[in-house]
Amino acid sequence: MLIMNKYEFGNDFIWGVATAAYQIEGAWNEDGKGESIWDRFTHTKSKNPFKERIYQNQNGDVACDHYHRYKEDLDLMKELSIPNYRFSLSWTRIFPDGKLTSKNQKGIDFYHRLIDACIERNITPNVTIYHWDLPQALEDNGGWTNRDTYLRFLDYVDFVTKEYNDKVPRWFILNEPFAFTVLGYFLGIHAPGRKGFANFYPAIHHVTLAQGDGGKIAKKNCPNAEIGTTFSCSYIEPVSKDGFWGILNQGAAIRFDALLNSLFIEPMLGMGYPVDRLPSLKTLEKYYKEGDEERMKFNADFIGIQNYTRELVQWSPFMPVIWGTIIEAKKRCEKTTEMGWEIYPEGIYHLLKKYASYPNVKKIYITENGAAFPDQLVEEDGKIRIHDIERINFLKSYLEQVLRAKKEGVPVYGYFIWTFIDNFEWAEGYRPRFGIVYVDYQTQKRYVKDSGYWYRDFLEGKDV
Ligand code: GCO
């Protein structure tokens with residue numbers, strides 16, 4: 001297997017790990033925290049007796065108990081020589097009902113302690129403002145389908161970027177707007193569990209406004225920090241390109257690419273929604289108010305891209321709007337990750353090239369990349385060891401492609417592994433383990449996996 005060294009990426013390349021509040025913190029109702037849509041969603045039984053909302057009805061009430069164990073987690077991060085920690089703020093710790101009037105000092109103090117604890121250990125705090133845990137009180141009022149939520153979000157952005165201002169050198173406005181709008185407001189499989197275009201379209205537009213204006217506010221409050229946002233992306237290819245069906249499949253691939261990979265970045269860059277490739281998006285204009293084109297724009301210092309896999313698509317007459325369907329990796333690949341995702345390292349290379357080709361993308365960070373595989377627990381010399389060679393191979397093969405893009409001039413300057421510790425994987429519960437550190441949920445003990453030691457050696461400059 002390939003040997004790599006971090007210096008090949010340059011001295012100014014930043015390395016880190018990423019997490020999200022709801023997935024690790026626990027303490028769901030402690031110290032004045034309000035209820036979020038994820039608390040409500042996981043606490044509500046599915047109406048369908050044959051399908052649970054969340055794997056085994058699990059929830060993030062306790063999760064990894066990071067709220068109480070953040071110091072020991074940061075100690076471990078330091079032991080592994082990880083210089084950057086990307087985490088998210090829980091909106092309802094700070095404003096329990098989402099509005100400025102509900103300000104909760106204990107929640108505000110928690111993030112001061114967390115940020116200070118990073119700084120004390122020489123770990124740079126990288127803060128995501130919104131990683132999916134909308135205040136339930138705002139959802140009761142329509143959530144992202146209501147334009148008012150975007151205004152409340154701006155208040156929240158204004159507050160946190162002033163409050164933690166000079167301690168945070170890098171801010172991420174949103175985490176994966178496409179993922180949380182499609183899963184939460186179209187397919188109904190994530191919180192808040194809403195379905196259909198009538199929810200999806202307004203949510204898309206209000207989130208786009210939140211991204212644009214949120215970015216501007218953060219930049220105004222923190223002119224010396226880097227302000228950006230993150231996008232989920234999957235490399236899309238047609239299942240076949242030849243003949244009549246191939247032409248139709250290529251058309252479907254273009255539409256899927258517009259939806260999955262371009263929907264939120266293009267309006268930010270001032271290009272509007274990708275209506276030329278996906279004409280139905282014209283419906284979004286229904287939700288426009290005068291001046292929205294400007295509100296959608298944001299001159300970001302960087303973009304974060306989050307990539308795990310590739311999708312193959314095929315034309316289909318049964319899927320209105322998109323006229324295509326994804327061929328599940330499990331049906332076409334011998335091996336997938338625990339999420340059923342194809343392992344396709346070249347995808348990240350193609351995506352980096354795609355995003356770098358947009359005008360005005362100055363800098364790209366890979367803000368998430370990683371994989372869930374079954375870990376192998378063994379006892380060796382009285383110690384528990386966690387072997388996860390598949391994860392090491394995954395990370396190396398993706399990093400090799402990142403380097404390939406960098407060598408070809410793509411301005412990629414950072415990489416964050418998803419994720420530091422095993423955690424609550426949304427609808428999949430605790431089953432898939434993405435961490436480079438294993439969590440025993442019974443005891444809350446952490447065990448560094450082989451991949452964690454591999455990352456440490458890599459970060460310490462060794463050839464690995
Ligand atoms: C996401 C989220 C993470 C997930 C990760 C693995 O980007 O989807 O940021 O919360 O856990 O992507 O699915």
# chains A, B, ... in the order shown; residues from 1 in each chain; ligands from 1
>>> residues_near_ligand(ligand="ligand 1", cutoff="10 Å", atoms="only C-alpha atoms and all ligand atoms", output="number ranges by chain")
A: 18-23, 88, 131-132, 174-180, 230-233, 305-308, 339, 341, 367-372, 417-419, 422-428, 432-435
>>> select_by_dssp(residues="range 103-303 of chain A", states="alpha helix (DSSP H)", output="PyMOL selection string")
chain A and resi 105-120+136-139+147-163+177-185+197-221+243-257+265-268+292-296
>>> write_last_selection(atoms="C-alpha atoms", output="JSON list (two decimals), in the first residue's frame")
[["chain", "number", "residue", "atom", "x", "y", "z"],
["A", 105, "GLN", "CA", -25.92, 31.81, 29.99],
["A", 106, "LYS", "CA", -25.00, 28.26, 30.99],
["A", 107, "GLY", "CA", -25.07, 27.13, 27.38],
["A", 108, "ILE", "CA", -23.04, 30.13, 26.28],
["A", 109, "ASP", "CA", -20.49, 29.37, 29.00],
["A", 110, "PHE", "CA", -20.17, 25.77, 27.92],
["A", 111, "TYR", "CA", -18.88, 26.79, 24.50],
["A", 112, "HIS", "CA", -16.50, 29.28, 26.10],
["A", 113, "ARG", "CA", -15.11, 26.42, 28.18],
["A", 114, "LEU", "CA", -14.88, 24.12, 25.17],
["A", 115, "ILE", "CA", -13.15, 26.73, 23.01],
["A", 116, "ASP", "CA", -10.78, 27.71, 25.83],
["A", 117, "ALA", "CA", -9.96, 24.07, 26.48],
["A", 118, "CYS", "CA", -9.01, 23.69, 22.81],
["A", 119, "ILE", "CA", -6.80, 26.76, 22.91],
["A", 120, "GLU", "CA", -5.09, 25.64, 26.14],
["A", 136, "GLN", "CA", -38.07, 22.78, 18.06],
["A", 137, "ALA", "CA", -39.84, 26.03, 18.92],
["A", 138, "LEU", "CA", -38.91, 27.37, 15.48],
["A", 139, "GLU", "CA", -39.99, 24.13, 13.84],
["A", 147, "ARG", "CA", -38.96, 32.69, 6.22],
["A", 148, "ASP", "CA", -38.88, 33.88, 9.83],
["A", 149, "THR", "CA", -36.47, 31.00, 10.70],
["A", 150, "TYR", "CA", -33.87, 32.55, 8.41],
["A", 151, "LEU", "CA", -34.14, 35.82, 10.34],
["A", 152, "ARG", "CA", -33.83, 34.04, 13.68],
["A", 153, "PHE", "CA", -30.79, 32.25, 12.28],
["A", 154, "LEU", "CA", -29.20, 35.60, 11.46],
["A", 155, "ASP", "CA", -29.73, 36.76, 15.05],
["A", 156, "TYR", "CA", -28.07, 33.58, 16.26],
["A", 157, "VAL", "CA", -25.12, 33.99, 13.85],
["A", 158, "ASP", "CA", -24.70, 37.61, 14.88],
["A", 159, "PHE", "CA", -24.68, 36.65, 18.53],
["A", 160, "VAL", "CA", -22.23, 33.73, 18.41],
["A", 161, "THR", "CA", -19.77, 35.42, 16.08],
["A", 162, "LYS", "CA", -19.65, 38.39, 18.45],
["A", 163, "GLU", "CA", -19.56, 36.27, 21.60],
["A", 177, "PRO", "CA", -27.58, 22.32, 3.45],
["A", 178, "PHE", "CA", -28.59, 19.82, 0.78],
["A", 179, "ALA", "CA", -28.47, 16.89, 3.19],
["A", 180, "PHE", "CA", -30.60, 18.45, 5.89],
["A", 181, "THR", "CA", -33.20, 19.90, 3.53],
["A", 182, "VAL", "CA", -33.62, 16.76, 1.41],
["A", 183, "LEU", "CA", -33.57, 14.28, 4.31],
["A", 184, "GLY", "CA", -35.53, 16.42, 6.75],
["A", 185, "TYR", "CA", -37.97, 18.32, 4.51],
["A", 197, "PHE", "CA", -42.02, 19.53, -2.53],
["A", 198, "ALA", "CA", -44.30, 21.87, -0.58],
["A", 199, "ASN", "CA", -41.83, 21.61, 2.31],
["A", 200, "PHE", "CA", -38.64, 21.08, 0.33],
["A", 201, "TYR", "CA", -38.78, 24.15, -1.94],
["A", 202, "PRO", "CA", -39.37, 26.82, 0.70],
["A", 203, "ALA", "CA", -36.79, 25.15, 2.97],
["A", 204, "ILE", "CA", -34.19, 25.29, 0.17],
["A", 205, "HIS", "CA", -34.76, 28.98, -0.42],
["A", 206, "HIS", "CA", -34.73, 30.03, 3.22],
["A", 207, "VAL", "CA", -31.62, 28.00, 3.91],
["A", 208, "THR", "CA", -29.93, 29.63, 0.91],
["A", 209, "LEU", "CA", -30.76, 33.04, 2.34],
["A", 210, "ALA", "CA", -29.45, 31.96, 5.75],
["A", 211, "GLN", "CA", -26.21, 30.82, 4.15],
["A", 212, "GLY", "CA", -25.67, 34.06, 2.22],
["A", 213, "ASP", "CA", -26.65, 36.60, 4.82],
["A", 214, "GLY", "CA", -25.26, 34.49, 7.67],
["A", 215, "GLY", "CA", -21.88, 34.50, 5.95],
["A", 216, "LYS", "CA", -21.96, 38.27, 5.51],
["A", 217, "ILE", "CA", -22.80, 38.86, 9.17],
["A", 218, "ALA", "CA", -20.04, 36.53, 10.35],
["A", 219, "LYS", "CA", -17.54, 38.30, 8.09],
["A", 220, "LYS", "CA", -18.61, 41.71, 9.37],
["A", 221, "ASN", "CA", -18.27, 40.59, 12.99],
["A", 243, "GLY", "CA", -26.74, 4.46, -27.31],
["A", 244, "PHE", "CA", -30.19, 5.84, -26.76],
["A", 245, "TRP", "CA", -30.42, 4.85, -23.08],
["A", 246, "GLY", "CA", -26.93, 6.14, -22.50],
["A", 247, "ILE", "CA", -27.99, 9.59, -23.69],
["A", 248, "LEU", "CA", -30.96, 9.54, -21.34],
["A", 249, "ASN", "CA", -28.74, 8.37, -18.48],
["A", 250, "GLN", "CA", -26.32, 11.21, -19.13],
["A", 251, "GLY", "CA", -29.19, 13.67, -18.89],
["A", 252, "ALA", "CA", -30.17, 12.16, -15.54],
["A", 253, "ALA", "CA", -26.58, 12.45, -14.33],
["A", 254, "ILE", "CA", -26.55, 16.15, -15.16],
["A", 255, "ARG", "CA", -29.78, 16.69, -13.19],
["A", 256, "PHE", "CA", -28.52, 14.73, -10.20],
["A", 257, "ASP", "CA", -25.26, 16.63, -10.22],
["A", 265, "ILE", "CA", -23.11, 26.69, -3.93],
["A", 266, "GLU", "CA", -24.22, 28.37, -7.15],
["A", 267, "PRO", "CA", -26.61, 30.90, -5.57],
["A", 268, "MET", "CA", -23.88, 31.72, -3.06],
["A", 292, "ASP", "CA", -33.18, 37.97, -2.42],
["A", 293, "GLU", "CA", -30.63, 37.54, -5.22],
["A", 294, "GLU", "CA", -28.27, 39.75, -3.24],
["A", 295, "ARG", "CA", -29.12, 38.02, 0.04],
["A", 296, "MET", "CA", -28.19, 34.64, -1.44]]
>>> closest_residue(among="A:Tyr441, A:Asn224, A:Phe373, A:Ile436", to="Glu338 in chain A", atoms="only C-alpha atoms")
A:Phe373
>>> closest_residue(among="A:Leu80, A:Ile343, A:Ala300, A:Met4", to="Pro359 in chain A", atoms="only C-alpha atoms")
A:Ala300
